[in-house]
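A.B. asks: Coordinates in work30.cif, mmCIF, N, CA and C atoms, are listed below.
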```
data_upload
loop_
_atom_site.label_atom_id
_atom_site.label_comp_id
_atom_site.auth_asym_id
_atom_site.auth_seq_id
_atom_site.Cartn_x
_atom_site.Cartn_y
_atom_site.Cartn_z
N MET A 884 7.80 129.93 12.53
CA MET A 884 7.56 131.36 12.57
C MET A 884 6.99 131.79 11.21
N LYS A 885 5.78 132.24 11.22
CA LYS A 885 5.13 132.69 10.00
C LYS A 885 5.29 134.19 9.87
N LEU A 886 5.80 134.64 8.73
CA LEU A 886 6.02 136.07 8.50
C LEU A 886 4.75 136.73 7.98
N PHE A 887 4.69 138.03 8.16
CA PHE A 887 3.56 138.82 7.65
C PHE A 887 3.68 138.88 6.13
N LEU A 888 2.79 138.18 5.45
CA LEU A 888 2.78 138.16 4.00
C LEU A 888 1.33 138.10 3.55
N PRO A 889 0.85 139.12 2.83
CA PRO A 889 -0.54 139.11 2.39
C PRO A 889 -0.80 137.96 1.42
N SER A 890 -2.01 137.45 1.46
CA SER A 890 -2.41 136.40 0.52
C SER A 890 -2.56 137.00 -0.87
N ALA A 891 -2.84 136.16 -1.84
CA ALA A 891 -2.99 136.65 -3.22
C ALA A 891 -4.18 137.60 -3.34
N ARG A 892 -5.28 137.26 -2.67
CA ARG A 892 -6.46 138.14 -2.70
C ARG A 892 -6.17 139.48 -2.02
N ALA A 893 -5.49 139.44 -0.88
CA ALA A 893 -5.16 140.68 -0.18
C ALA A 893 -4.18 141.52 -0.99
N THR A 894 -3.25 140.86 -1.68
CA THR A 894 -2.31 141.59 -2.52
C THR A 894 -3.03 142.30 -3.65
N ASN A 895 -4.04 141.67 -4.22
CA ASN A 895 -4.83 142.32 -5.26
C ASN A 895 -5.55 143.55 -4.73
N TYR A 896 -6.11 143.45 -3.54
CA TYR A 896 -6.76 144.61 -2.93
C TYR A 896 -5.75 145.72 -2.63
N LEU A 897 -4.57 145.34 -2.16
CA LEU A 897 -3.54 146.35 -1.89
C LEU A 897 -3.06 147.02 -3.18
N LEU A 898 -2.99 146.26 -4.26
CA LEU A 898 -2.65 146.86 -5.55
C LEU A 898 -3.71 147.86 -6.00
N ILE A 899 -4.97 147.51 -5.79
CA ILE A 899 -6.05 148.43 -6.15
C ILE A 899 -5.97 149.71 -5.32
N VAL A 900 -5.74 149.56 -4.01
CA VAL A 900 -5.61 150.73 -3.14
C VAL A 900 -4.44 151.60 -3.57
N GLY A 901 -3.30 150.97 -3.83
CA GLY A 901 -2.11 151.72 -4.22
C GLY A 901 -2.27 152.45 -5.54
N PHE A 902 -2.80 151.77 -6.55
CA PHE A 902 -2.95 152.40 -7.85
C PHE A 902 -4.04 153.48 -7.85
N CYS A 903 -5.11 153.26 -7.11
CA CYS A 903 -6.16 154.29 -7.04
C CYS A 903 -5.67 155.54 -6.32
N SER A 904 -4.95 155.36 -5.22
CA SER A 904 -4.45 156.53 -4.51
C SER A 904 -3.37 157.25 -5.33
N LEU A 905 -2.54 156.49 -6.01
CA LEU A 905 -1.53 157.10 -6.87
C LEU A 905 -2.19 157.84 -8.03
N GLY A 906 -3.20 157.26 -8.63
CA GLY A 906 -3.89 157.92 -9.73
C GLY A 906 -4.61 159.18 -9.31
N TYR A 907 -5.28 159.14 -8.15
CA TYR A 907 -5.98 160.35 -7.70
C TYR A 907 -4.99 161.43 -7.29
N ALA A 908 -3.86 161.04 -6.70
CA ALA A 908 -2.86 162.03 -6.34
C ALA A 908 -2.26 162.68 -7.59
N LEU A 909 -2.02 161.89 -8.64
CA LEU A 909 -1.54 162.46 -9.89
C LEU A 909 -2.57 163.39 -10.52
N TYR A 910 -3.84 163.00 -10.42
CA TYR A 910 -4.91 163.85 -10.94
C TYR A 910 -4.97 165.19 -10.20
N VAL A 911 -4.92 165.14 -8.89
CA VAL A 911 -4.98 166.38 -8.11
C VAL A 911 -3.76 167.25 -8.38
N ARG A 912 -2.59 166.62 -8.48
CA ARG A 912 -1.38 167.42 -8.69
C ARG A 912 -1.35 168.06 -10.06
N TYR A 913 -1.52 167.27 -11.11
CA TYR A 913 -1.31 167.79 -12.46
C TYR A 913 -2.52 168.47 -13.06
N LEU A 914 -3.72 168.13 -12.63
CA LEU A 914 -4.90 168.78 -13.18
C LEU A 914 -5.56 169.75 -12.21
N GLY A 915 -5.14 169.75 -10.96
CA GLY A 915 -5.74 170.65 -10.00
C GLY A 915 -4.78 171.69 -9.45
N ILE A 916 -3.61 171.26 -9.03
CA ILE A 916 -2.68 172.18 -8.39
C ILE A 916 -1.82 172.93 -9.39
N GLU A 917 -1.27 172.22 -10.37
CA GLU A 917 -0.30 172.85 -11.27
C GLU A 917 -0.93 173.54 -12.47
N GLN A 918 -2.20 173.40 -12.70
CA GLN A 918 -2.87 174.08 -13.81
C GLN A 918 -3.13 175.53 -13.42
N THR A 919 -2.62 176.45 -14.21
CA THR A 919 -2.78 177.87 -13.92
C THR A 919 -4.23 178.30 -14.02
N ASN A 920 -4.94 177.81 -15.03
CA ASN A 920 -6.34 178.18 -15.21
C ASN A 920 -7.20 177.75 -14.03
N VAL A 921 -6.94 176.55 -13.52
CA VAL A 921 -7.71 176.06 -12.37
C VAL A 921 -7.39 176.90 -11.13
N GLY A 922 -6.12 177.22 -10.94
CA GLY A 922 -5.73 178.04 -9.80
C GLY A 922 -6.37 179.42 -9.83
N LEU A 923 -6.40 180.03 -11.02
CA LEU A 923 -7.03 181.35 -11.14
C LEU A 923 -8.53 181.28 -10.93
N ALA A 924 -9.16 180.24 -11.46
CA ALA A 924 -10.60 180.09 -11.29
C ALA A 924 -10.95 179.84 -9.82
N CYS A 925 -10.16 179.02 -9.13
CA CYS A 925 -10.43 178.76 -7.72
C CYS A 925 -10.18 180.00 -6.87
N ALA A 926 -9.14 180.77 -7.23
CA ALA A 926 -8.87 182.00 -6.49
C ALA A 926 -9.95 183.04 -6.72
N ALA A 927 -10.60 182.97 -7.88
CA ALA A 927 -11.67 183.93 -8.19
C ALA A 927 -12.98 183.58 -7.49
N GLY A 928 -13.04 182.40 -6.87
CA GLY A 928 -14.23 182.06 -6.10
C GLY A 928 -15.03 180.90 -6.64
N LEU A 929 -14.52 180.18 -7.61
CA LEU A 929 -15.23 179.01 -8.13
C LEU A 929 -15.33 177.97 -7.02
N ASP A 930 -16.53 177.45 -6.83
CA ASP A 930 -16.76 176.51 -5.73
C ASP A 930 -17.16 175.15 -6.30
N THR A 931 -16.14 174.37 -6.68
CA THR A 931 -16.37 173.02 -7.20
C THR A 931 -15.60 172.05 -6.33
N TRP A 932 -15.82 170.75 -6.57
CA TRP A 932 -15.10 169.74 -5.79
C TRP A 932 -13.62 169.76 -6.11
N LEU A 933 -13.24 170.15 -7.34
CA LEU A 933 -11.83 170.23 -7.68
C LEU A 933 -11.14 171.35 -6.91
N CYS A 934 -11.80 172.48 -6.77
CA CYS A 934 -11.24 173.57 -5.97
C CYS A 934 -11.15 173.18 -4.50
N PHE A 935 -12.16 172.46 -4.02
CA PHE A 935 -12.13 171.99 -2.65
C PHE A 935 -10.98 171.01 -2.44
N SER A 936 -10.82 170.05 -3.36
CA SER A 936 -9.70 169.10 -3.27
C SER A 936 -8.37 169.82 -3.35
N ARG A 937 -8.29 170.83 -4.19
CA ARG A 937 -7.06 171.61 -4.33
C ARG A 937 -6.71 172.32 -3.04
N ARG A 938 -7.69 172.96 -2.42
CA ARG A 938 -7.45 173.66 -1.16
C ARG A 938 -7.01 172.70 -0.06
N ILE A 939 -7.67 171.55 0.01
CA ILE A 939 -7.33 170.56 1.03
C ILE A 939 -5.93 170.01 0.80
N ALA A 940 -5.60 169.68 -0.45
CA ALA A 940 -4.27 169.13 -0.76
C ALA A 940 -3.17 170.13 -0.46
N ILE A 941 -3.40 171.40 -0.79
CA ILE A 941 -2.38 172.42 -0.51
C ILE A 941 -2.22 172.62 0.99
N ALA A 942 -3.32 172.63 1.72
CA ALA A 942 -3.23 172.80 3.18
C ALA A 942 -2.51 171.62 3.82
N LEU A 943 -2.79 170.41 3.36
CA LEU A 943 -2.11 169.24 3.92
C LEU A 943 -0.64 169.20 3.52
N TYR A 944 -0.32 169.65 2.30
CA TYR A 944 1.07 169.70 1.86
C TYR A 944 1.89 170.68 2.70
N GLU A 945 1.33 171.84 2.95
CA GLU A 945 2.08 172.87 3.68
C GLU A 945 2.45 172.42 5.08
N ASN A 946 1.68 171.55 5.67
CA ASN A 946 1.95 171.06 7.02
C ASN A 946 2.55 169.66 7.02
N THR A 947 2.96 169.16 5.87
CA THR A 947 3.54 167.82 5.65
C THR A 947 2.72 166.72 6.33
N VAL A 948 1.41 166.85 6.22
CA VAL A 948 0.52 165.88 6.85
C VAL A 948 0.62 164.51 6.18
N PHE A 949 0.73 164.49 4.85
CA PHE A 949 0.80 163.21 4.15
C PHE A 949 2.02 162.42 4.60
N GLY A 950 3.17 163.06 4.69
CA GLY A 950 4.39 162.38 5.08
C GLY A 950 4.36 161.91 6.52
N TRP A 951 3.95 162.77 7.44
CA TRP A 951 3.92 162.39 8.86
C TRP A 951 2.88 161.30 9.11
N ALA A 952 1.71 161.41 8.47
CA ALA A 952 0.67 160.39 8.67
C ALA A 952 1.12 159.05 8.09
N ALA A 953 1.75 159.07 6.91
CA ALA A 953 2.24 157.83 6.31
C ALA A 953 3.31 157.20 7.20
N LEU A 954 4.19 158.02 7.74
CA LEU A 954 5.25 157.51 8.61
C LEU A 954 4.68 156.94 9.90
N ALA A 955 3.70 157.60 10.48
CA ALA A 955 3.10 157.12 11.72
C ALA A 955 2.36 155.80 11.51
N VAL A 956 1.58 155.72 10.44
CA VAL A 956 0.82 154.49 10.19
C VAL A 956 1.77 153.35 9.81
N ALA A 957 2.83 153.65 9.05
CA ALA A 957 3.81 152.62 8.70
C ALA A 957 4.56 152.13 9.93
N ALA A 958 4.84 153.02 10.88
CA ALA A 958 5.50 152.60 12.12
C ALA A 958 4.56 151.71 12.95
N LEU A 959 3.28 152.06 13.00
CA LEU A 959 2.32 151.20 13.68
C LEU A 959 2.22 149.84 13.01
N ASN A 960 2.27 149.85 11.67
CA ASN A 960 2.22 148.59 10.94
C ASN A 960 3.49 147.77 11.19
N LEU A 961 4.61 148.42 11.39
CA LEU A 961 5.84 147.70 11.68
C LEU A 961 5.77 147.04 13.06
N LEU A 962 5.14 147.72 14.01
CA LEU A 962 5.01 147.15 15.35
C LEU A 962 4.03 145.99 15.39
N ARG A 963 2.90 146.14 14.73
CA ARG A 963 1.89 145.08 14.68
C ARG A 963 1.32 145.03 13.28
N PRO A 964 1.85 144.16 12.43
CA PRO A 964 1.43 144.12 11.02
C PRO A 964 -0.06 143.80 10.86
N SER A 965 -0.67 144.55 9.98
CA SER A 965 -2.09 144.38 9.68
C SER A 965 -2.32 144.83 8.25
N LEU A 966 -3.25 144.18 7.56
CA LEU A 966 -3.54 144.56 6.18
C LEU A 966 -4.18 145.93 6.09
N VAL A 967 -5.01 146.27 7.06
CA VAL A 967 -5.67 147.57 7.05
C VAL A 967 -4.64 148.68 7.24
N LEU A 968 -3.75 148.52 8.20
CA LEU A 968 -2.71 149.52 8.42
C LEU A 968 -1.77 149.60 7.22
N PHE A 969 -1.45 148.45 6.63
CA PHE A 969 -0.57 148.44 5.47
C PHE A 969 -1.22 149.19 4.31
N GLY A 970 -2.51 148.95 4.06
CA GLY A 970 -3.20 149.64 2.98
C GLY A 970 -3.31 151.14 3.22
N LEU A 971 -3.59 151.53 4.45
CA LEU A 971 -3.68 152.94 4.77
C LEU A 971 -2.33 153.63 4.62
N ALA A 972 -1.26 152.99 5.12
CA ALA A 972 0.08 153.57 4.98
C ALA A 972 0.49 153.63 3.52
N LEU A 973 0.12 152.63 2.74
CA LEU A 973 0.42 152.63 1.32
C LEU A 973 -0.26 153.79 0.60
N ALA A 974 -1.54 154.00 0.89
CA ALA A 974 -2.27 155.10 0.26
C ALA A 974 -1.70 156.45 0.66
N LEU A 975 -1.41 156.63 1.93
CA LEU A 975 -0.85 157.91 2.39
C LEU A 975 0.53 158.15 1.82
N ALA A 976 1.34 157.11 1.73
CA ALA A 976 2.68 157.27 1.18
C ALA A 976 2.63 157.58 -0.31
N CYS A 977 1.68 156.99 -1.03
CA CYS A 977 1.53 157.32 -2.45
C CYS A 977 1.13 158.79 -2.62
N PHE A 978 0.20 159.24 -1.81
CA PHE A 978 -0.17 160.66 -1.85
C PHE A 978 1.01 161.54 -1.49
N GLY A 979 1.78 161.15 -0.49
CA GLY A 979 2.91 161.97 -0.06
C GLY A 979 4.00 162.07 -1.11
N VAL A 980 4.27 160.97 -1.80
CA VAL A 980 5.32 161.01 -2.83
C VAL A 980 4.90 161.91 -3.98
N VAL A 981 3.66 161.83 -4.40
CA VAL A 981 3.21 162.63 -5.53
C VAL A 981 2.99 164.08 -5.13
N LEU A 982 2.52 164.32 -3.92
CA LEU A 982 2.17 165.68 -3.50
C LEU A 982 3.25 166.30 -2.61
N TYR A 983 4.51 166.12 -2.99
CA TYR A 983 5.64 166.90 -2.50
C TYR A 983 6.08 166.61 -1.07
N ASN A 984 5.65 165.54 -0.44
CA ASN A 984 6.16 165.14 0.88
C ASN A 984 7.02 163.90 0.71
N ILE A 985 8.08 164.02 -0.08
CA ILE A 985 8.82 162.86 -0.55
C ILE A 985 9.65 162.20 0.55
N GLN A 986 10.35 162.97 1.37
CA GLN A 986 11.29 162.38 2.32
C GLN A 986 10.59 161.47 3.33
N LEU A 987 9.58 161.97 3.98
CA LEU A 987 8.88 161.17 4.98
C LEU A 987 8.09 160.03 4.36
N SER A 988 7.54 160.25 3.18
CA SER A 988 6.80 159.17 2.51
C SER A 988 7.73 158.06 2.05
N ALA A 989 8.92 158.42 1.60
CA ALA A 989 9.89 157.39 1.21
C ALA A 989 10.33 156.57 2.43
N LEU A 990 10.48 157.23 3.55
CA LEU A 990 10.80 156.51 4.79
C LEU A 990 9.65 155.58 5.18
N ALA A 991 8.41 156.03 4.95
CA ALA A 991 7.25 155.17 5.22
C ALA A 991 7.25 153.95 4.31
N PHE A 992 7.62 154.12 3.04
CA PHE A 992 7.74 152.97 2.14
C PHE A 992 8.79 151.99 2.64
N GLY A 993 9.90 152.52 3.17
CA GLY A 993 10.93 151.65 3.73
C GLY A 993 10.42 150.86 4.93
N LEU A 994 9.66 151.50 5.80
CA LEU A 994 9.08 150.79 6.94
C LEU A 994 8.05 149.75 6.50
N LEU A 995 7.33 150.06 5.42
CA LEU A 995 6.38 149.07 4.90
C LEU A 995 7.11 147.84 4.36
N ALA A 996 8.24 148.07 3.72
CA ALA A 996 9.03 146.93 3.23
C ALA A 996 9.59 146.12 4.39
N LEU A 997 10.00 146.80 5.46
CA LEU A 997 10.52 146.09 6.63
C LEU A 997 9.43 145.29 7.35
N SER A 998 8.19 145.70 7.19
CA SER A 998 7.11 144.98 7.89
C SER A 998 6.92 143.57 7.33
N PHE A 999 7.42 143.30 6.13
CA PHE A 999 7.34 141.94 5.60
C PHE A 999 8.28 140.99 6.33
N ALA A 1000 9.24 141.52 7.05
CA ALA A 1000 10.17 140.68 7.81
C ALA A 1000 9.67 140.42 9.23
N ARG A 1001 8.56 141.00 9.59
CA ARG A 1001 7.99 140.82 10.93
C ARG A 1001 7.17 139.55 10.99
N ARG A 1002 7.03 139.05 12.18
CA ARG A 1002 6.20 137.88 12.40
C ARG A 1002 4.73 138.28 12.33
N ALA A 1003 3.93 137.45 11.72
CA ALA A 1003 2.49 137.73 11.61
C ALA A 1003 1.85 137.64 12.98
N PRO A 1004 0.87 138.51 13.26
CA PRO A 1004 0.21 138.42 14.55
C PRO A 1004 -0.60 137.13 14.67
N GLU A 1005 -0.56 136.57 15.84
CA GLU A 1005 -1.28 135.32 16.07
C GLU A 1005 -2.76 135.62 16.28
N PRO A 1006 -3.64 134.78 15.75
CA PRO A 1006 -5.07 135.00 15.95
C PRO A 1006 -5.45 134.86 17.42
N ASP A 1007 -6.44 135.62 17.83
CA ASP A 1007 -6.87 135.60 19.24
C ASP A 1007 -7.70 134.40 19.57
#
```
Could the structure of this file be written out as structure tokens, please?

C.D. replies:
Amino acid sequence: MKLFLPSARATNYLLIVGFCSLGYALYVRYLGIEQTNVGLACAAGLDTWLCFSRRIAIALYENTVFGWAALAVAALNLLRPSLVLFGLALALACFGVVLYNIQLSALAFGLLALSFARRAPEPD
């Protein structure tokens, strides 16, 4: 019985995905959402990509989209492990933890850890 375990190359790609999503989420939170000057400028009508990212992040936070999406993709990954699903769930969970959807994103991280105990899918 072979367990779902990414290879060294796949682990490197997953690390890149995780750190990039974590870094961008930190950027959006601390330099876009929590900065008073940016909030006032965006409310005054400034139309930049940072204001657009800020509006999107706030809208997704208010509806807990990051947490629910991370949980759904992690549950799919638990049922049928895949590197693509694992990377997507990892990115969404990183965004959810940084952007205030902590409970559901933490549960998604737990499901991702449990997916390592699953049997790897057999090739077709």

A.B. asks: Would you mind telling me which residue in A:Gly901, A:Pro889, A:Gly950, A:Gly922 lies nearest to Ser988 in chain A when using only N, CA and C atoms?

C.D. replies: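 Nearest to Ser988 in chain A: A:Gly950.
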
A.B. asks: Please enumerate the residues selected by the PyMOL selection byres ((chain A and resi 972) around 8) when evaluated against the supplied file, formatted as a PyMOL selection string.

C.D. replies: chain A and resi 952-958+960+966-971+973-978+991-992+995

A.B. asks: Evaluating the PyMOL selection byres (((chain A and resi 937 and name CA) around 12) and name CA) on the displayed file yields which residues, as a ChimeraX atom specification?

C.D. replies: /A:907-908,910-918,921-926,929-936,938-944,982

A.B. asks: From the list A:Ile899, A:Ala927, A:Asn920, A:Pro964, which residue is nearest Arg1002 in chain A when using all atoms listed in the file?

C.D. replies: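 Between A:Ile899, A:Ala927, A:Asn920, A:Pro964, the residue approaching Arg1002 in chain A most closely is A:Pro964.
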
A.B. asks: Which residues are close to range 996-1000 of chain A, i.e. within 6 Å by only C-alpha atoms, leaving aside same-chain residues fewer than 2 positions away? Reply as a ChimeraX atom specification.

C.D. replies: /A:887,961,993-994

A.B. asks: Quick one: pull the distance between CA of Thr919 in chain A and atom N of Phe949 in chain A, Å, one decimal.

C.D. replies: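 Those two atoms sit 23.3 Å apart.
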
A.B. asks: Rounded to one decimal, what separation in Å do you get between atom N of Ser965 in chain A and atom C of Thr947 in chain A?

C.D. replies: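 Here the two named atoms are 22.7 Å from each other.
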
A.B. asks: Assign secondary structure with DSSP using the backbone only, and return the residues of range 913-983 of chain A in helix (DSSP H, G or I) as a ChimeraX atom specification.

C.D. replies: /A:913-916,919-926,932-945,948-962,966-981

A.B. asks: Mind giving me the straight-line distance from CA of Ser904 in chain A to atom N of Gly979 in chain A in Å, one decimal?

C.D. replies: 8.7 Å
